[in-house]
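Structure below is my_file37.pdb: PDB, C-alpha atoms.
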```pdb
ATOM      1  CA  MET A   1    -133.693  -8.904  -1.386
ATOM      2  CA  ASP A   2    -130.101 -10.140  -1.713
ATOM      3  CA  LEU A   3    -130.312  -9.832  -5.497
ATOM      4  CA  LEU A   4    -131.495  -6.212  -5.240
ATOM      5  CA  LEU A   5    -128.763  -5.370  -2.735
ATOM      6  CA  VAL A   6    -125.881  -6.813  -4.735
ATOM      7  CA  SER A   7    -127.251  -5.330  -7.967
ATOM      8  CA  ALA A   8    -127.400  -1.861  -6.373
ATOM      9  CA  ALA A   9    -123.849  -2.319  -5.090
ATOM     10  CA  SER A  10    -122.782  -3.432  -8.562
ATOM     11  CA  LEU A  11    -124.229  -0.261 -10.104
ATOM     12  CA  ILE A  12    -122.336   1.999  -7.686
ATOM     13  CA  ALA A  13    -119.178  -0.082  -8.123
ATOM     14  CA  GLY A  14    -119.450   0.238 -11.902
ATOM     15  CA  LEU A  15    -119.759   4.023 -11.628
ATOM     16  CA  MET A  16    -116.712   4.318  -9.375
ATOM     17  CA  ASP A  17    -114.679   1.800 -11.337
ATOM     18  CA  ALA A  18    -115.283   3.594 -14.640
ATOM     19  CA  ILE A  19    -113.758   6.789 -13.272
ATOM     20  CA  VAL A  20    -110.676   5.632 -11.326
ATOM     21  CA  GLY A  21    -111.103   1.985 -10.339
ATOM     22  CA  GLY A  22    -111.819   0.688  -6.850
ATOM     23  CA  GLY A  23    -115.258  -0.753  -7.580
ATOM     24  CA  GLY A  24    -114.330  -3.914  -5.734
ATOM     25  CA  LEU A  25    -114.155  -1.801  -2.569
ATOM     26  CA  ILE A  26    -117.961  -1.697  -2.684
ATOM     27  CA  LEU A  27    -119.086  -4.862  -4.431
ATOM     28  CA  VAL A  28    -116.855  -7.539  -2.875
ATOM     29  CA  PRO A  29    -117.733  -6.724   0.790
ATOM     30  CA  VAL A  30    -121.464  -6.652  -0.093
ATOM     31  CA  LEU A  31    -121.183 -10.074  -1.728
ATOM     32  CA  PHE A  32    -119.392 -11.533   1.284
ATOM     33  CA  ALA A  33    -121.927 -10.002   3.681
ATOM     34  CA  SER A  34    -124.901 -11.220   1.622
ATOM     35  CA  PHE A  35    -123.625 -14.781   1.150
ATOM     36  CA  PRO A  36    -121.430 -15.566   4.199
ATOM     37  CA  GLN A  37    -121.620 -19.312   3.652
ATOM     38  CA  ALA A  38    -120.381 -19.237   0.061
ATOM     39  CA  ALA A  39    -116.848 -20.157  -0.934
ATOM     40  CA  PRO A  40    -114.684 -17.011  -1.278
ATOM     41  CA  ALA A  41    -113.522 -18.097  -4.740
ATOM     42  CA  THR A  42    -117.139 -18.306  -5.901
ATOM     43  CA  LEU A  43    -117.917 -14.784  -4.699
ATOM     44  CA  LEU A  44    -114.730 -13.415  -6.256
ATOM     45  CA  GLY A  45    -115.521 -15.191  -9.514
ATOM     46  CA  THR A  46    -119.065 -13.826  -9.500
ATOM     47  CA  ASN A  47    -117.676 -10.339  -8.870
ATOM     48  CA  LYS A  48    -115.383 -10.678 -11.904
ATOM     49  CA  ALA A  49    -118.253 -11.992 -14.038
ATOM     50  CA  ALA A  50    -120.206  -8.805 -13.295
ATOM     51  CA  SER A  51    -117.448  -6.202 -13.227
ATOM     52  CA  VAL A  52    -115.787  -7.284 -16.476
ATOM     53  CA  TRP A  53    -118.835  -6.044 -18.393
ATOM     54  CA  GLY A  54    -118.724  -2.610 -16.820
ATOM     55  CA  THR A  55    -114.974  -2.346 -17.303
ATOM     56  CA  SER A  56    -115.313  -3.378 -20.946
ATOM     57  CA  LEU A  57    -118.067  -0.832 -21.565
ATOM     58  CA  ALA A  58    -115.985   1.911 -19.960
ATOM     59  CA  ALA A  59    -112.994   0.961 -22.100
ATOM     60  CA  ILE A  60    -115.119   1.166 -25.263
ATOM     61  CA  GLN A  61    -116.561   4.550 -24.322
ATOM     62  CA  TYR A  62    -113.144   5.974 -23.468
ATOM     63  CA  THR A  63    -111.521   4.753 -26.666
ATOM     64  CA  ARG A  64    -114.171   6.542 -28.732
ATOM     65  CA  ARG A  65    -113.378   9.895 -27.109
ATOM     66  CA  VAL A  66    -109.773   9.683 -25.901
ATOM     67  CA  GLN A  67    -106.813   9.097 -28.203
ATOM     68  CA  LEU A  68    -104.776   6.206 -26.850
ATOM     69  CA  SER A  69    -101.370   4.797 -27.773
ATOM     70  CA  TRP A  70    -102.558   1.442 -29.126
ATOM     71  CA  THR A  71     -99.144   0.368 -30.411
ATOM     72  CA  ALA A  72     -97.966   0.398 -26.791
ATOM     73  CA  LEU A  73    -101.234  -0.673 -25.167
ATOM     74  CA  ALA A  74    -101.677  -3.852 -27.242
ATOM     75  CA  PRO A  75     -98.478  -5.529 -25.948
ATOM     76  CA  GLY A  76     -99.354  -4.152 -22.505
ATOM     77  CA  CYS A  77    -102.670  -6.016 -22.662
ATOM     78  CA  ALA A  78    -100.838  -9.271 -23.386
ATOM     79  CA  ALA A  79     -98.510  -8.619 -20.437
ATOM     80  CA  ALA A  80    -101.505  -7.852 -18.203
ATOM     81  CA  VAL A  81    -103.196 -11.139 -19.129
ATOM     82  CA  LEU A  82    -100.010 -13.114 -18.496
ATOM     83  CA  GLY A  83     -99.421 -11.324 -15.196
ATOM     84  CA  SER A  84    -102.994 -11.930 -14.037
ATOM     85  CA  LEU A  85    -102.814 -15.635 -14.864
ATOM     86  CA  MET A  86     -99.485 -15.972 -13.044
ATOM     87  CA  GLY A  87    -100.890 -14.141 -10.031
ATOM     88  CA  ALA A  88    -103.950 -16.373  -9.907
ATOM     89  CA  TRP A  89    -101.660 -19.408 -10.105
ATOM     90  CA  ALA A  90     -99.352 -18.037  -7.397
ATOM     91  CA  VAL A  91    -102.203 -17.525  -4.939
ATOM     92  CA  THR A  92    -102.824 -21.278  -5.057
ATOM     93  CA  LEU A  93     -99.293 -21.787  -3.733
ATOM     94  CA  LEU A  94     -98.633 -18.741  -1.536
ATOM     95  CA  SER A  95    -100.640 -16.788   1.006
ATOM     96  CA  PRO A  96    -101.242 -13.080   0.336
ATOM     97  CA  VAL A  97    -101.096 -12.309   4.082
ATOM     98  CA  LEU A  98     -97.952 -10.149   3.870
ATOM     99  CA  LEU A  99     -99.335  -8.217   0.922
ATOM    100  CA  ARG A 100    -102.559  -7.638   2.834
ATOM    101  CA  LEU A 101    -100.563  -6.151   5.729
ATOM    102  CA  ILE A 102     -98.466  -3.714   3.678
ATOM    103  CA  LEU A 103    -101.207  -2.661   1.239
ATOM    104  CA  PRO A 104    -102.593   0.157   3.452
ATOM    105  CA  LEU A 105     -99.085   1.665   3.693
ATOM    106  CA  VAL A 106     -98.577   1.513  -0.081
ATOM    107  CA  LEU A 107    -101.956   3.136  -0.674
ATOM    108  CA  LEU A 108    -101.196   5.808   1.940
ATOM    109  CA  ALA A 109     -97.964   6.689   0.122
ATOM    110  CA  VAL A 110     -99.872   6.995  -3.179
ATOM    111  CA  TRP A 111    -102.544   9.153  -1.517
ATOM    112  CA  ILE A 112    -100.061  11.524   0.153
ATOM    113  CA  TYR A 113     -97.995  11.847  -3.026
ATOM    114  CA  THR A 114    -101.060  12.722  -5.100
ATOM    115  CA  LEU A 115    -102.248  15.308  -2.577
ATOM    116  CA  ALA A 116     -98.799  16.879  -2.278
ATOM    117  CA  HIS A 117     -98.369  17.284  -6.051
ATOM    118  CA  LYS A 118    -101.348  19.422  -6.983
ATOM    119  CA  ASN A 119    -100.443  19.565 -10.689
ATOM    120  CA  LEU A 120     -99.950  15.819 -10.992
ATOM    121  CA  GLY A 121    -101.978  14.446 -13.880
ATOM    122  CA  GLN A 122    -103.416  17.806 -14.934
ATOM    123  CA  SER A 123    -101.641  17.914 -18.290
ATOM    124  CA  HIS A 124    -100.995  15.119 -20.774
ATOM    125  CA  GLN A 125     -97.240  15.038 -21.429
ATOM    126  CA  PRO A 126     -96.123  11.442 -22.104
ATOM    127  CA  ARG A 127     -92.515  10.896 -21.052
ATOM    128  CA  PHE A 128     -91.798   7.992 -23.372
ATOM    129  CA  LYS A 129     -92.291   7.253 -27.039
ATOM    130  CA  GLY A 130     -91.994   4.205 -29.273
ATOM    131  CA  SER A 131     -90.441   1.094 -27.778
ATOM    132  CA  TYR A 132     -89.761   2.813 -24.442
ATOM    133  CA  GLU A 133     -93.452   3.535 -23.936
ATOM    134  CA  THR A 134     -94.319  -0.022 -24.974
ATOM    135  CA  LEU A 135     -91.836  -1.474 -22.482
ATOM    136  CA  ALA A 136     -93.134   0.776 -19.695
ATOM    137  CA  ILE A 137     -96.763  -0.193 -20.318
ATOM    138  CA  CYS A 138     -95.832  -3.888 -20.507
ATOM    139  CA  LEU A 139     -94.114  -3.595 -17.119
ATOM    140  CA  ILE A 140     -97.145  -1.864 -15.643
ATOM    141  CA  GLY A 141     -99.497  -4.419 -17.207
ATOM    142  CA  GLY A 142     -97.444  -7.396 -16.047
ATOM    143  CA  ILE A 143     -96.822  -6.212 -12.477
ATOM    144  CA  ILE A 144    -100.294  -4.869 -11.709
ATOM    145  CA  GLY A 145    -101.839  -7.761 -13.644
ATOM    146  CA  PHE A 146     -99.999 -10.167 -11.337
ATOM    147  CA  TYR A 147    -101.246  -8.193  -8.329
ATOM    148  CA  ASP A 148    -104.819  -8.361  -9.644
ATOM    149  CA  GLY A 149    -104.652 -12.120 -10.054
ATOM    150  CA  PHE A 150    -102.912 -12.629  -6.708
ATOM    151  CA  PHE A 151    -104.858 -10.219  -4.503
ATOM    152  CA  GLY A 152    -106.703  -7.451  -6.341
ATOM    153  CA  PRO A 153    -108.020  -4.524  -4.232
ATOM    154  CA  GLY A 154    -107.293  -1.176  -5.883
ATOM    155  CA  THR A 155    -106.001  -2.607  -9.160
ATOM    156  CA  GLY A 156    -107.605   0.109 -11.284
ATOM    157  CA  SER A 157    -106.294   2.848  -8.995
ATOM    158  CA  PHE A 158    -102.747   1.474  -9.176
ATOM    159  CA  PHE A 159    -102.976   1.409 -12.967
ATOM    160  CA  VAL A 160    -104.116   5.053 -13.008
ATOM    161  CA  PHE A 161    -101.413   6.231 -10.602
ATOM    162  CA  LEU A 162     -98.575   4.576 -12.524
ATOM    163  CA  PHE A 163     -99.777   5.954 -15.851
ATOM    164  CA  VAL A 164     -99.898   9.434 -14.323
ATOM    165  CA  ARG A 165     -96.720   9.369 -12.229
ATOM    166  CA  TRP A 166     -94.400   7.284 -14.385
ATOM    167  CA  LEU A 167     -95.660   7.789 -17.935
ATOM    168  CA  GLY A 168     -96.731  11.444 -17.593
ATOM    169  CA  TYR A 169    -100.365  10.935 -18.637
ATOM    170  CA  ASP A 170    -103.139  13.191 -17.402
ATOM    171  CA  PHE A 171    -105.799  11.539 -15.255
ATOM    172  CA  LEU A 172    -108.285  11.194 -18.116
ATOM    173  CA  HIS A 173    -105.849   9.417 -20.467
ATOM    174  CA  ALA A 174    -104.561   7.359 -17.529
ATOM    175  CA  SER A 175    -108.062   6.230 -16.583
ATOM    176  CA  ALA A 176    -108.862   5.353 -20.201
ATOM    177  CA  SER A 177    -105.659   3.309 -20.573
ATOM    178  CA  ALA A 178    -106.226   1.667 -17.197
ATOM    179  CA  LYS A 179    -109.674   0.490 -18.258
ATOM    180  CA  VAL A 180    -108.233  -1.277 -21.291
ATOM    181  CA  LEU A 181    -105.625  -3.144 -19.232
ATOM    182  CA  ASN A 182    -108.032  -3.829 -16.376
ATOM    183  CA  THR A 183    -110.511  -5.380 -18.816
ATOM    184  CA  MET A 184    -107.844  -7.864 -19.839
ATOM    185  CA  THR A 185    -106.864  -8.765 -16.260
ATOM    186  CA  ASN A 186    -110.537  -9.250 -15.394
ATOM    187  CA  LEU A 187    -111.062 -11.510 -18.404
ATOM    188  CA  ALA A 188    -108.026 -13.601 -17.489
ATOM    189  CA  ALA A 189    -109.166 -14.018 -13.890
ATOM    190  CA  LEU A 190    -112.750 -14.745 -14.965
ATOM    191  CA  THR A 191    -111.528 -17.464 -17.324
ATOM    192  CA  LEU A 192    -109.790 -19.258 -14.456
ATOM    193  CA  PHE A 193    -112.741 -18.876 -12.091
ATOM    194  CA  SER A 194    -115.119 -20.146 -14.786
ATOM    195  CA  LEU A 195    -113.007 -23.208 -15.542
ATOM    196  CA  LYS A 196    -112.995 -24.021 -11.826
ATOM    197  CA  GLY A 197    -116.770 -23.577 -11.591
ATOM    198  CA  HIS A 198    -116.504 -20.591  -9.261
ATOM    199  CA  VAL A 199    -119.135 -18.311 -10.853
ATOM    200  CA  TRP A 200    -122.815 -17.935  -9.963
ATOM    201  CA  TRP A 201    -123.992 -16.981 -13.445
ATOM    202  CA  HIS A 202    -127.636 -16.488 -12.395
ATOM    203  CA  LEU A 203    -126.518 -13.801  -9.943
ATOM    204  CA  ALA A 204    -123.799 -12.381 -12.174
ATOM    205  CA  ALA A 205    -126.253 -11.666 -15.002
ATOM    206  CA  SER A 206    -128.291  -9.144 -12.997
ATOM    207  CA  MET A 207    -125.165  -7.648 -11.442
ATOM    208  CA  ALA A 208    -123.582  -7.268 -14.885
ATOM    209  CA  VAL A 209    -126.490  -5.197 -16.192
ATOM    210  CA  ALA A 210    -126.346  -2.931 -13.144
ATOM    211  CA  ASN A 211    -122.574  -2.647 -13.418
ATOM    212  CA  MET A 212    -122.829  -1.570 -17.045
ATOM    213  CA  VAL A 213    -125.365   1.134 -16.173
ATOM    214  CA  GLY A 214    -123.022   2.461 -13.486
ATOM    215  CA  SER A 215    -120.065   2.238 -15.827
ATOM    216  CA  PHE A 216    -121.899   4.208 -18.516
ATOM    217  CA  LEU A 217    -122.722   6.986 -16.047
ATOM    218  CA  GLY A 218    -119.220   7.056 -14.558
ATOM    219  CA  THR A 219    -117.509   7.290 -17.929
ATOM    220  CA  ARG A 220    -119.818  10.111 -18.991
ATOM    221  CA  LEU A 221    -118.955  12.047 -15.845
ATOM    222  CA  ALA A 222    -115.212  11.563 -16.379
ATOM    223  CA  LEU A 223    -115.374  12.620 -20.028
ATOM    224  CA  LYS A 224    -117.555  15.630 -19.209
ATOM    225  CA  TYR A 225    -115.561  17.027 -16.284
ATOM    226  CA  GLY A 226    -112.048  15.955 -17.294
ATOM    227  CA  SER A 227    -108.802  15.295 -15.445
ATOM    228  CA  GLY A 228    -109.444  17.622 -12.498
ATOM    229  CA  PHE A 229    -112.619  15.734 -11.622
ATOM    230  CA  VAL A 230    -110.944  12.344 -12.074
ATOM    231  CA  ARG A 231    -108.076  13.438  -9.802
ATOM    232  CA  TRP A 232    -110.376  14.265  -6.902
ATOM    233  CA  VAL A 233    -112.365  11.071  -7.337
ATOM    234  CA  PHE A 234    -109.033   9.202  -7.354
ATOM    235  CA  ILE A 235    -108.032  10.868  -4.072
ATOM    236  CA  ALA A 236    -111.405  10.011  -2.507
ATOM    237  CA  VAL A 237    -111.335   6.391  -3.682
ATOM    238  CA  VAL A 238    -107.754   5.772  -2.542
ATOM    239  CA  GLY A 239    -108.631   7.339   0.818
ATOM    240  CA  CYS A 240    -111.507   4.879   1.174
ATOM    241  CA  LEU A 241    -109.258   2.007   0.119
ATOM    242  CA  ILE A 242    -106.763   2.962   2.841
ATOM    243  CA  MET A 243    -109.457   2.860   5.520
ATOM    244  CA  LYS A 244    -110.956  -0.380   4.192
ATOM    245  CA  THR A 245    -107.668  -2.270   3.897
ATOM    246  CA  ALA A 246    -106.438  -0.964   7.272
ATOM    247  CA  TRP A 247    -109.696  -2.119   8.881
ATOM    248  CA  ASP A 248    -109.285  -5.560   7.316
ATOM    249  CA  VAL A 249    -105.881  -6.082   9.001
ATOM    250  CA  ARG A 250    -106.662  -4.394  12.335
ATOM    251  CA  HIS A 251    -106.827  -7.738  14.174
ATOM    252  CA  VAL A 252    -103.099  -8.263  13.606
ATOM    253  CA  PHE A 253    -102.234  -5.267  15.784
ATOM    254  CA  ILE A 254    -104.977  -5.552  18.408
TER
END
```
Can the structure from this file be put into structure tokens for me?
Amino acid sequence: MDLLLVSAASLIAGLMDAIVGGGGLILVPVLFASFPQAAPATLLGTNKAASVWGTSLAAIQYTRRVQLSWTALAPGCAAAVLGSLMGAWAVTLLSPVLLRLILPLVLLAVWIYTLAHKNLGQSHQPRFKGSYETLAICLIGGIIGFYDGFFGPGTGSFFVFLFVRWLGYDFLHASASAKVLNTMTNLAALTLFSLKGHVWWHLAASMAVANMVGSFLGTRLALKYGSGFVRWVFIAVVGCLIMKTAWDVRHVFI
């Protein structure tokens, strides 16, 4: 029964993640609820072992249909890997408690900004070219990669928002670019979890298949309905992330 439950959650997470990110909002809580006695690192590692396949599949599908700036994305991928590894190392030394407390406020600001700017991400008008675009994507990859390794919730959504708001991408190109970078941060984190023995591969295998099915469906929906659809899914997912992260820290204020 637990295997069916986490596999179903993995499918839905893959669908959501392929469109705007935020799949961990679904899958991680289900894993923790299904296996309350397991070490958190093991559940997080198992989540990465499943989700990396869906993220990779989404990235492949997007790159076949959406023209991406590979000369800028390639260095950005390297920065994302480095940032993720540094974040994973930092969490062994520092507690992410403060970040956990301020995350709902950061997400709320992103949500309000996106709602207030109705034309945000509707047209693809990159603000930077050449080395400036490369530098911008490297900064995004490094900073959000670090966040993914250190804490993680909403990584894909943060990638999408920064590509839209700072680089001037539409939501479809932003989501496609985000999937490429997010694949690299997931691989980096999975490598560390694997080396530490924090992956249940027998469980991850079934979850990975389900995640890929969800990812395939989610990417098809995004490509079919375009940036307007992705924008509203983004707003819905970030809204859910706000409620989830606020609920997680409620005990501090009660």
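Counting from atom CA of Val28 of chain A, the distance to atom CA of Asp170 of chain A is 28.8 Å.
Of the listed residues A:Phe229, A:His124, A:Gly218, A:Leu139, the one whose atoms come nearest to Ile12 of chain A is A:Gly218, with distances taken using only C-alpha atoms.
Comparing the minimum interatomic distances between Lys118 of chain A and each of A:Leu43, A:Ile235, A:Val30, A:Ala18, counting all atoms listed in the file, we find that A:Ile235 sits nearest.
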On this file, the PyMOL selection byres ((chain A and resi 115) around 12) gives some set of residues; write that set as a PDB file with C-alpha atoms, in the frame of the given file.
```pdb
ATOM      1  CA  LEU A 108    -101.196   5.808   1.940  1.00  0.00           C
ATOM      2  CA  ALA A 109     -97.964   6.689   0.122  1.00  0.00           C
ATOM      3  CA  VAL A 110     -99.872   6.995  -3.179  1.00  0.00           C
ATOM      4  CA  TRP A 111    -102.544   9.153  -1.517  1.00  0.00           C
ATOM      5  CA  ILE A 112    -100.061  11.524   0.153  1.00  0.00           C
ATOM      6  CA  TYR A 113     -97.995  11.847  -3.026  1.00  0.00           C
ATOM      7  CA  THR A 114    -101.060  12.722  -5.100  1.00  0.00           C
ATOM      8  CA  ALA A 116     -98.799  16.879  -2.278  1.00  0.00           C
ATOM      9  CA  HIS A 117     -98.369  17.284  -6.051  1.00  0.00           C
ATOM     10  CA  LYS A 118    -101.348  19.422  -6.983  1.00  0.00           C
ATOM     11  CA  ASN A 119    -100.443  19.565 -10.689  1.00  0.00           C
ATOM     12  CA  LEU A 120     -99.950  15.819 -10.992  1.00  0.00           C
ATOM     13  CA  GLY A 121    -101.978  14.446 -13.880  1.00  0.00           C
ATOM     14  CA  ARG A 231    -108.076  13.438  -9.802  1.00  0.00           C
ATOM     15  CA  TRP A 232    -110.376  14.265  -6.902  1.00  0.00           C
ATOM     16  CA  VAL A 233    -112.365  11.071  -7.337  1.00  0.00           C
ATOM     17  CA  PHE A 234    -109.033   9.202  -7.354  1.00  0.00           C
ATOM     18  CA  ILE A 235    -108.032  10.868  -4.072  1.00  0.00           C
ATOM     19  CA  ALA A 236    -111.405  10.011  -2.507  1.00  0.00           C
ATOM     20  CA  VAL A 238    -107.754   5.772  -2.542  1.00  0.00           C
ATOM     21  CA  GLY A 239    -108.631   7.339   0.818  1.00  0.00           C
TER      22      GLY A 239
END
```
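Applied to this file, the PyMOL selection byres ((chain A and resi 81) around 9) selects the residues Gly76, Cys77, Ala78, Ala79, Ala80, Leu82, Gly83, Ser84, Leu85, Met86, Gly141, Gly142, Gly145, Phe146, Leu181, Met184, Thr185, Asn186, Leu187, Ala188 and Ala189 of chain A.
Across A:Leu135, A:Val106, A:Val52, A:Ala72, the tightest approach to Lys179 of chain A is made by A:Val52 when counting only C-alpha atoms.
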- Item | Spatial neighbours of segment 156-162 of chain A, max dist 7 Å, all atoms listed in the file, sep filter under 6 positions, as a list of chain:residue names |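 Final neighbour list, sorted by chain and number: A:Val20, A:Gly21, A:Gly22, A:Ile144, A:Ala174, A:Ser175, A:Ala178, A:Asn182.
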Ground truth for the PyMOL selection byres ((chain A and resi 200) around 8), written as a PDB file with C-alpha atoms, keeping the file's coordinate frame:
```pdb
ATOM      1  CA  THR A  42    -117.139 -18.306  -5.901  1.00  0.00           C
ATOM      2  CA  LEU A  43    -117.917 -14.784  -4.699  1.00  0.00           C
ATOM      3  CA  GLY A  45    -115.521 -15.191  -9.514  1.00  0.00           C
ATOM      4  CA  THR A  46    -119.065 -13.826  -9.500  1.00  0.00           C
ATOM      5  CA  HIS A 198    -116.504 -20.591  -9.261  1.00  0.00           C
ATOM      6  CA  VAL A 199    -119.135 -18.311 -10.853  1.00  0.00           C
ATOM      7  CA  TRP A 201    -123.992 -16.981 -13.445  1.00  0.00           C
ATOM      8  CA  HIS A 202    -127.636 -16.488 -12.395  1.00  0.00           C
ATOM      9  CA  LEU A 203    -126.518 -13.801  -9.943  1.00  0.00           C
ATOM     10  CA  ALA A 204    -123.799 -12.381 -12.174  1.00  0.00           C
TER      11      ALA A 204
END
```
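Using all atoms listed in the file, the shortest contact distance between Arg220 of chain A and any of A:Phe128, A:Tyr62, A:Phe163, A:Trp247 is found at A:Tyr62.
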- Suppose you want the space between atom CA of Leu101 of chain A and atom CA of Gly24 of chain A; what is it in Å?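 Atom CA of Gly24 of chain A lies at a distance of 18.1 Å from atom CA of Leu101 of chain A.
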- Task: Please indicate the distance in Å from atom CA of Ile60 of chain A to atom CA of Trp89 of chain A, rounded to one decimal place.
- Result: 28.9 Å
- Message: My list of candidates is A:Ala208, A:Ala58, A:Ala9, A:Leu73. Which is closest to Cys138 of chain A when distances are computed with only C-alpha atoms?
- Response: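 Of all the options, A:Leu73 lies closest to Cys138 of chain A.
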- Nearest candidate to Ser177 of chain A (options A:Gly228, A:Thr219, A:Gln67, A:Leu195; using only C-alpha atoms):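 Of all the options, A:Gln67 lies closest to Ser177 of chain A.
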- Item | Exercise: segment 34-37 of chain A partners within 10 Å, all atoms listed in the file, chain neighbours under 3 positions left out, as a ChimeraX atom specification | /A:1-3,5-6,28-31,40,43
Listed atoms of segment 80-87 of chain A boxed axis-aligned with 4 Å per side, centre + edges as AutoDock Vina command-line options:
```
--center_x -101.3 --center_y -11.9 --center_z -14.6 --size_x 11.8 --size_y 16.1 --size_z 17.1
```
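Taking all atoms listed in the file, the non-local environment of Trp53 of chain A within 7 Å (same-chain residues fewer than 3 positions away omitted) comprises A:Ala50, A:Ser56, A:Leu57, A:Ala208, A:Met212.
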